[in-house]
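**Q** My structure is below; once you've seen it, I'll send some questions.
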Amino acid sequence: MATSLKNLSDYTSDHFIDISDKRFGIVVAEWNREITDVLSQGAYETLLKHGAKEENIFRNTVPGSFELTLGAQLLAQHEEIDAVICLGVVIQGETKHDDYICHAVASGITNVGLKFNKPVIFGLVTTNTLAQAWDRAGGKHGNKGVEGAVAAIHMLGF
């Protein structure tokens, strides 16, 4: 979704299911921690807002965005976890590392969801600049963490 066309934090909850008994894993990359903490807070608050219980939300950290895939798998393998939300930030640098990281994470997260037949949400902010990343962490384009939580709730009702 192009964030210039839609705010990440704008959504409708008309068709949300009751999530009071659902358990959520949130995997957060520590790289770019100032931003990922904001994304995580957005996801956490959104889940609570829509009925999740604090004791049913499990936040785990991994060193960087590349490790989100294994972190997601370690959570998703537990039957009691209903959905996993992966949050990270990859900012383009002087090399093409961002292309490799983003592709690997997208493929890995997709595979984990398919392997465990449960929602595993891709909440990776991929930008050209630090300013663009902040714009997607509660700035002018909303919060990718909110979008991740909303996607998890929607998919649980699928």
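Lettering and numbering for the structure tokens are positional, with chains as A, B, ... in the shown order, residues counted from 1 in each chain, and ligands counted from 1 in the shown order.
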Which residues, written as a list of chain:residue names, have at least one atom at most 10 Å from Ile101 in chain A, with only C-alpha atoms counted and residues fewer than 4 positions away on the same chain left out?
**A**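 Skipping anything fewer than 4 positions along the chain leaves A:Gly64, A:Ser65, A:Phe66, A:Glu67, A:Val90, A:Lys96, A:His97, A:Val105, A:Ala106, A:Thr126.
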**Q** May I have the residues within 9 Å of Leu47 in chain A as a PDB file with all heavy atoms, in the first residue's frame, using only C-alpha atoms and disregarding those fewer than 2 positions away in the same chain?
**A**
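Generated file (selection_23.pdb):
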```
ATOM      1  N   ILE A  19     -11.420 -10.401  20.178  1.00  0.00           N
ATOM      2  CA  ILE A  19     -10.055 -10.910  20.345  1.00  0.00           C
ATOM      3  C   ILE A  19      -9.683 -11.059  21.818  1.00  0.00           C
ATOM      4  O   ILE A  19      -8.512 -11.249  22.145  1.00  0.00           O
ATOM      5  CB  ILE A  19      -9.024 -10.034  19.599  1.00  0.00           C
ATOM      6  CG1 ILE A  19      -9.021  -8.601  20.134  1.00  0.00           C
ATOM      7  CG2 ILE A  19      -9.261 -10.078  18.103  1.00  0.00           C
ATOM      8  CD1 ILE A  19      -7.834  -7.776  19.655  1.00  0.00           C
ATOM      9  N   PHE A  24      -1.324 -12.931  21.104  1.00  0.00           N
ATOM     10  CA  PHE A  24      -0.531 -12.297  20.058  1.00  0.00           C
ATOM     11  C   PHE A  24       0.948 -12.288  20.441  1.00  0.00           C
ATOM     12  O   PHE A  24       1.305 -11.951  21.565  1.00  0.00           O
ATOM     13  CB  PHE A  24      -0.977 -10.843  19.852  1.00  0.00           C
ATOM     14  CG  PHE A  24      -2.393 -10.720  19.384  1.00  0.00           C
ATOM     15  CD1 PHE A  24      -3.440 -10.676  20.296  1.00  0.00           C
ATOM     16  CD2 PHE A  24      -2.687 -10.653  18.030  1.00  0.00           C
ATOM     17  CE1 PHE A  24      -4.757 -10.566  19.861  1.00  0.00           C
ATOM     18  CE2 PHE A  24      -3.997 -10.555  17.587  1.00  0.00           C
ATOM     19  CZ  PHE A  24      -5.028 -10.509  18.507  1.00  0.00           C
ATOM     20  N   GLY A  42       2.524   1.151  19.089  1.00  0.00           N
ATOM     21  CA  GLY A  42       1.320   1.312  18.270  1.00  0.00           C
ATOM     22  C   GLY A  42       0.563   0.008  18.122  1.00  0.00           C
ATOM     23  O   GLY A  42      -0.671  -0.024  18.230  1.00  0.00           O
ATOM     24  N   ALA A  43       1.282  -1.091  17.887  1.00  0.00           N
ATOM     25  CA  ALA A  43       0.634  -2.403  17.764  1.00  0.00           C
ATOM     26  C   ALA A  43       0.000  -2.806  19.088  1.00  0.00           C
ATOM     27  O   ALA A  43      -1.158  -3.237  19.134  1.00  0.00           O
ATOM     28  CB  ALA A  43       1.653  -3.454  17.317  1.00  0.00           C
ATOM     29  N   TYR A  44       0.744  -2.660  20.166  1.00  0.00           N
ATOM     30  CA  TYR A  44       0.283  -3.045  21.497  1.00  0.00           C
ATOM     31  C   TYR A  44      -0.991  -2.279  21.879  1.00  0.00           C
ATOM     32  O   TYR A  44      -1.992  -2.875  22.288  1.00  0.00           O
ATOM     33  CB  TYR A  44       1.406  -2.793  22.496  1.00  0.00           C
ATOM     34  CG  TYR A  44       1.096  -3.170  23.909  1.00  0.00           C
ATOM     35  CD1 TYR A  44       1.159  -4.496  24.324  1.00  0.00           C
ATOM     36  CD2 TYR A  44       0.764  -2.205  24.858  1.00  0.00           C
ATOM     37  CE1 TYR A  44       0.886  -4.851  25.627  1.00  0.00           C
ATOM     38  CE2 TYR A  44       0.491  -2.547  26.159  1.00  0.00           C
ATOM     39  CZ  TYR A  44       0.549  -3.869  26.546  1.00  0.00           C
ATOM     40  OH  TYR A  44       0.273  -4.216  27.847  1.00  0.00           O
ATOM     41  N   GLU A  45      -0.963  -0.974  21.725  1.00  0.00           N
ATOM     42  CA  GLU A  45      -2.117  -0.153  22.092  1.00  0.00           C
ATOM     43  C   GLU A  45      -3.329  -0.462  21.219  1.00  0.00           C
ATOM     44  O   GLU A  45      -4.470  -0.445  21.703  1.00  0.00           O
ATOM     45  CB  GLU A  45      -1.757   1.335  22.006  1.00  0.00           C
ATOM     46  CG  GLU A  45      -0.798   1.763  23.099  1.00  0.00           C
ATOM     47  CD  GLU A  45      -0.300   3.186  22.940  1.00  0.00           C
ATOM     48  OE1 GLU A  45      -0.669   3.883  21.961  1.00  0.00           O
ATOM     49  OE2 GLU A  45       0.498   3.614  23.800  1.00  0.00           O
ATOM     50  N   LYS A  49      -6.871  -1.755  22.578  1.00  0.00           N
ATOM     51  CA  LYS A  49      -8.049  -0.952  22.221  1.00  0.00           C
ATOM     52  C   LYS A  49      -9.187  -1.828  21.705  1.00  0.00           C
ATOM     53  O   LYS A  49     -10.360  -1.540  21.930  1.00  0.00           O
ATOM     54  CB  LYS A  49      -7.646   0.088  21.163  1.00  0.00           C
ATOM     55  CG  LYS A  49      -8.786   0.916  20.624  1.00  0.00           C
ATOM     56  CD  LYS A  49      -8.270   1.875  19.562  1.00  0.00           C
ATOM     57  CE  LYS A  49      -9.406   2.628  18.908  1.00  0.00           C
ATOM     58  NZ  LYS A  49      -8.906   3.557  17.886  1.00  0.00           N
ATOM     59  N   HIS A  50      -8.840  -2.895  21.025  1.00  0.00           N
ATOM     60  CA  HIS A  50      -9.858  -3.748  20.409  1.00  0.00           C
ATOM     61  C   HIS A  50     -10.139  -5.027  21.205  1.00  0.00           C
ATOM     62  O   HIS A  50     -10.759  -5.946  20.682  1.00  0.00           O
ATOM     63  CB  HIS A  50      -9.488  -4.038  18.956  1.00  0.00           C
ATOM     64  CG  HIS A  50      -9.543  -2.803  18.127  1.00  0.00           C
ATOM     65  ND1 HIS A  50     -10.719  -2.167  17.814  1.00  0.00           N
ATOM     66  CD2 HIS A  50      -8.555  -2.037  17.606  1.00  0.00           C
ATOM     67  CE1 HIS A  50     -10.466  -1.080  17.115  1.00  0.00           C
ATOM     68  NE2 HIS A  50      -9.152  -0.979  16.977  1.00  0.00           N
ATOM     69  N   GLY A  51      -9.686  -5.067  22.453  1.00  0.00           N
ATOM     70  CA  GLY A  51     -10.118  -6.133  23.345  1.00  0.00           C
ATOM     71  C   GLY A  51      -9.099  -7.165  23.761  1.00  0.00           C
ATOM     72  O   GLY A  51      -9.422  -8.041  24.566  1.00  0.00           O
ATOM     73  N   ALA A  52      -7.884  -7.105  23.241  1.00  0.00           N
ATOM     74  CA  ALA A  52      -6.865  -8.064  23.684  1.00  0.00           C
ATOM     75  C   ALA A  52      -6.504  -7.781  25.137  1.00  0.00           C
ATOM     76  O   ALA A  52      -6.559  -6.636  25.593  1.00  0.00           O
ATOM     77  CB  ALA A  52      -5.618  -7.975  22.799  1.00  0.00           C
ATOM     78  N   LYS A  53      -6.172  -8.819  25.857  1.00  0.00           N
ATOM     79  CA  LYS A  53      -5.756  -8.676  27.250  1.00  0.00           C
ATOM     80  C   LYS A  53      -4.238  -8.545  27.315  1.00  0.00           C
ATOM     81  O   LYS A  53      -3.518  -9.193  26.558  1.00  0.00           O
ATOM     82  CB  LYS A  53      -6.209  -9.895  28.051  1.00  0.00           C
ATOM     83  CG  LYS A  53      -7.711 -10.027  28.121  1.00  0.00           C
ATOM     84  CD  LYS A  53      -8.100 -11.290  28.851  1.00  0.00           C
ATOM     85  CE  LYS A  53      -9.613 -11.439  28.801  1.00  0.00           C
ATOM     86  NZ  LYS A  53     -10.031 -12.805  29.109  1.00  0.00           N
ATOM     87  N   GLU A  54      -3.762  -7.702  28.228  1.00  0.00           N
ATOM     88  CA  GLU A  54      -2.321  -7.484  28.378  1.00  0.00           C
ATOM     89  C   GLU A  54      -1.562  -8.793  28.518  1.00  0.00           C
ATOM     90  O   GLU A  54      -0.489  -8.965  27.933  1.00  0.00           O
ATOM     91  CB  GLU A  54      -2.036  -6.596  29.587  1.00  0.00           C
ATOM     92  CG  GLU A  54      -2.384  -5.153  29.389  1.00  0.00           C
ATOM     93  CD  GLU A  54      -1.983  -4.301  30.580  1.00  0.00           C
ATOM     94  OE1 GLU A  54      -0.943  -4.596  31.218  1.00  0.00           O
ATOM     95  OE2 GLU A  54      -2.707  -3.344  30.869  1.00  0.00           O
ATOM     96  N   ILE A  57      -0.512 -10.707  25.256  1.00  0.00           N
ATOM     97  CA  ILE A  57       0.350 -10.067  24.263  1.00  0.00           C
ATOM     98  C   ILE A  57       1.798 -10.287  24.703  1.00  0.00           C
ATOM     99  O   ILE A  57       2.194  -9.877  25.793  1.00  0.00           O
ATOM    100  CB  ILE A  57       0.052  -8.565  24.128  1.00  0.00           C
ATOM    101  CG1 ILE A  57      -1.419  -8.332  23.765  1.00  0.00           C
ATOM    102  CG2 ILE A  57       0.973  -7.932  23.080  1.00  0.00           C
ATOM    103  CD1 ILE A  57      -1.850  -6.875  23.825  1.00  0.00           C
ATOM    104  N   VAL A 146       0.443   0.023  14.122  1.00  0.00           N
ATOM    105  CA  VAL A 146      -1.021   0.018  14.169  1.00  0.00           C
ATOM    106  C   VAL A 146      -1.548  -0.821  13.010  1.00  0.00           C
ATOM    107  O   VAL A 146      -2.417  -1.682  13.185  1.00  0.00           O
ATOM    108  CB  VAL A 146      -1.586   1.455  14.106  1.00  0.00           C
ATOM    109  CG1 VAL A 146      -3.099   1.444  13.919  1.00  0.00           C
ATOM    110  CG2 VAL A 146      -1.196   2.240  15.354  1.00  0.00           C
ATOM    111  N   ALA A 149      -1.157  -4.566  13.691  1.00  0.00           N
ATOM    112  CA  ALA A 149      -2.150  -5.092  14.629  1.00  0.00           C
ATOM    113  C   ALA A 149      -3.511  -5.229  13.960  1.00  0.00           C
ATOM    114  O   ALA A 149      -4.208  -6.233  14.142  1.00  0.00           O
ATOM    115  CB  ALA A 149      -2.246  -4.184  15.851  1.00  0.00           C
ATOM    116  N   VAL A 150      -3.887  -4.244  13.177  1.00  0.00           N
ATOM    117  CA  VAL A 150      -5.167  -4.286  12.464  1.00  0.00           C
ATOM    118  C   VAL A 150      -5.178  -5.464  11.483  1.00  0.00           C
ATOM    119  O   VAL A 150      -6.175  -6.200  11.392  1.00  0.00           O
ATOM    120  CB  VAL A 150      -5.435  -2.944  11.741  1.00  0.00           C
ATOM    121  CG1 VAL A 150      -6.591  -3.054  10.768  1.00  0.00           C
ATOM    122  CG2 VAL A 150      -5.684  -1.851  12.773  1.00  0.00           C
ATOM    123  N   ILE A 153      -5.732  -8.711  13.411  1.00  0.00           N
ATOM    124  CA  ILE A 153      -7.134  -8.874  13.827  1.00  0.00           C
ATOM    125  C   ILE A 153      -7.996  -9.262  12.638  1.00  0.00           C
ATOM    126  O   ILE A 153      -8.826 -10.172  12.729  1.00  0.00           O
ATOM    127  CB  ILE A 153      -7.655  -7.583  14.495  1.00  0.00           C
ATOM    128  CG1 ILE A 153      -6.885  -7.289  15.784  1.00  0.00           C
ATOM    129  CG2 ILE A 153      -9.152  -7.703  14.781  1.00  0.00           C
ATOM    130  CD1 ILE A 153      -7.118  -5.902  16.366  1.00  0.00           C
TER     131      ILE A 153
END
```
**Q** I'd like the neighbourhood of Gly142 in chain A as a tab-separated table (two decimals) with N, CA and C atoms, in the first residue's frame, where a residue qualifies if any of its atoms comes within 8 Å (using only C-alpha atoms), though same-chain residues fewer than 2 positions away should be ignored.
**A**
```
chain	number	residue	atom	x	y	z
A	7	ASN	N	-3.20	6.69	5.08
A	7	ASN	CA	-2.51	6.74	6.35
A	7	ASN	C	-2.51	5.33	6.97
A	8	LEU	N	-1.37	4.88	7.45
A	8	LEU	CA	-1.24	3.54	8.01
A	8	LEU	C	-2.12	3.32	9.23
A	9	SER	N	-2.49	4.40	9.91
A	9	SER	CA	-3.28	4.30	11.13
A	9	SER	C	-4.77	4.47	10.90
A	10	ASP	N	-5.19	4.68	9.65
A	10	ASP	CA	-6.62	4.80	9.34
A	10	ASP	C	-7.17	3.43	9.00
A	135	ASP	N	8.21	9.08	9.54
A	135	ASP	CA	6.89	9.39	9.00
A	135	ASP	C	5.95	8.19	9.11
A	136	ARG	N	6.50	6.98	9.15
A	136	ARG	CA	5.71	5.75	9.21
A	136	ARG	C	5.69	5.14	10.61
A	137	ALA	N	6.21	5.88	11.56
A	137	ALA	CA	6.23	5.46	12.96
A	137	ALA	C	5.50	6.50	13.80
A	138	GLY	N	4.30	6.82	13.36
A	138	GLY	CA	3.50	7.80	14.08
A	138	GLY	C	3.56	9.19	13.50
A	139	GLY	N	4.30	9.35	12.41
A	139	GLY	CA	4.40	10.65	11.75
A	139	GLY	C	3.26	10.87	10.77
A	140	LYS	N	3.54	11.63	9.73
A	140	LYS	CA	2.49	12.04	8.81
A	140	LYS	C	1.83	10.90	8.04
A	144	LYS	N	3.04	2.08	11.27
A	144	LYS	CA	3.05	0.74	10.69
A	144	LYS	C	2.71	-0.33	11.74
```
**Q** If you count only C-alpha atoms, which residues fall within 9 Å of range 109-124 of chain A, apart from same-chain ones fewer than 4 positions away, as a ChimeraX atom specification?
**A** /A:39,65,68-70,72-73,76-77,79,81-90,102,104-105,144-145,147-149,151-153,155-156
**Q** Go through A:Gln41, A:Ser13, A:Asn56, A:Val62 one by one, measure the shortest atom-to-atom distance of each to Val27 in chain A using only C-alpha atoms, and give the residue with the smallest value.
**A** A:Val62
**Q** Which residues in range 7-143 of chain A does DSSP call strand (DSSP E)? List them as a PyMOL selection string.
**A** chain A and resi 24-29+57-62+83-91+120-127+137-139+142-143
**Q** Taking only C-alpha atoms into account, which of A:Lys6, A:His78, A:His103, A:His15 comes nearest His154 in chain A?
**A**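 For His154 in chain A, the nearest of the given residues is A:His15.
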**Q** Grab the CA of Gly93 in chain A to CA of Gly71 in chain A distance for me, in Å with one decimal place.
**A**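 Computing it gives 24.4 Å between the two atoms.
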**Q** How far is it from CA of Phe158 in chain A to CA of Thr127 in chain A, in Å with one decimal?
**A**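 Interatomic distance here is 29.9 Å.
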**Q** Point out the residue among A:Ile17, A:Ala29, A:Asn143, A:Phe58 with the least atom-to-atom distance to Glu80 in chain A, counting only C-alpha atoms.
**A**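 For Glu80 in chain A, the nearest of the candidates is A:Phe58.
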**Q** Tell me, in Å to one decimal, how far CA of Val125 in chain A is from CA of Ile91 in chain A.
**A**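 According to the coordinates, CA of Val125 in chain A and CA of Ile91 in chain A are separated by 8.0 Å.
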**Q** Find the residue from A:Arg59, A:Phe16, A:Asp99, A:Gln92 that sits nearest to Glu30 in chain A; use only C-alpha atoms when measuring.
**A**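 So, comparing all the options, the nearest one is A:Arg59.
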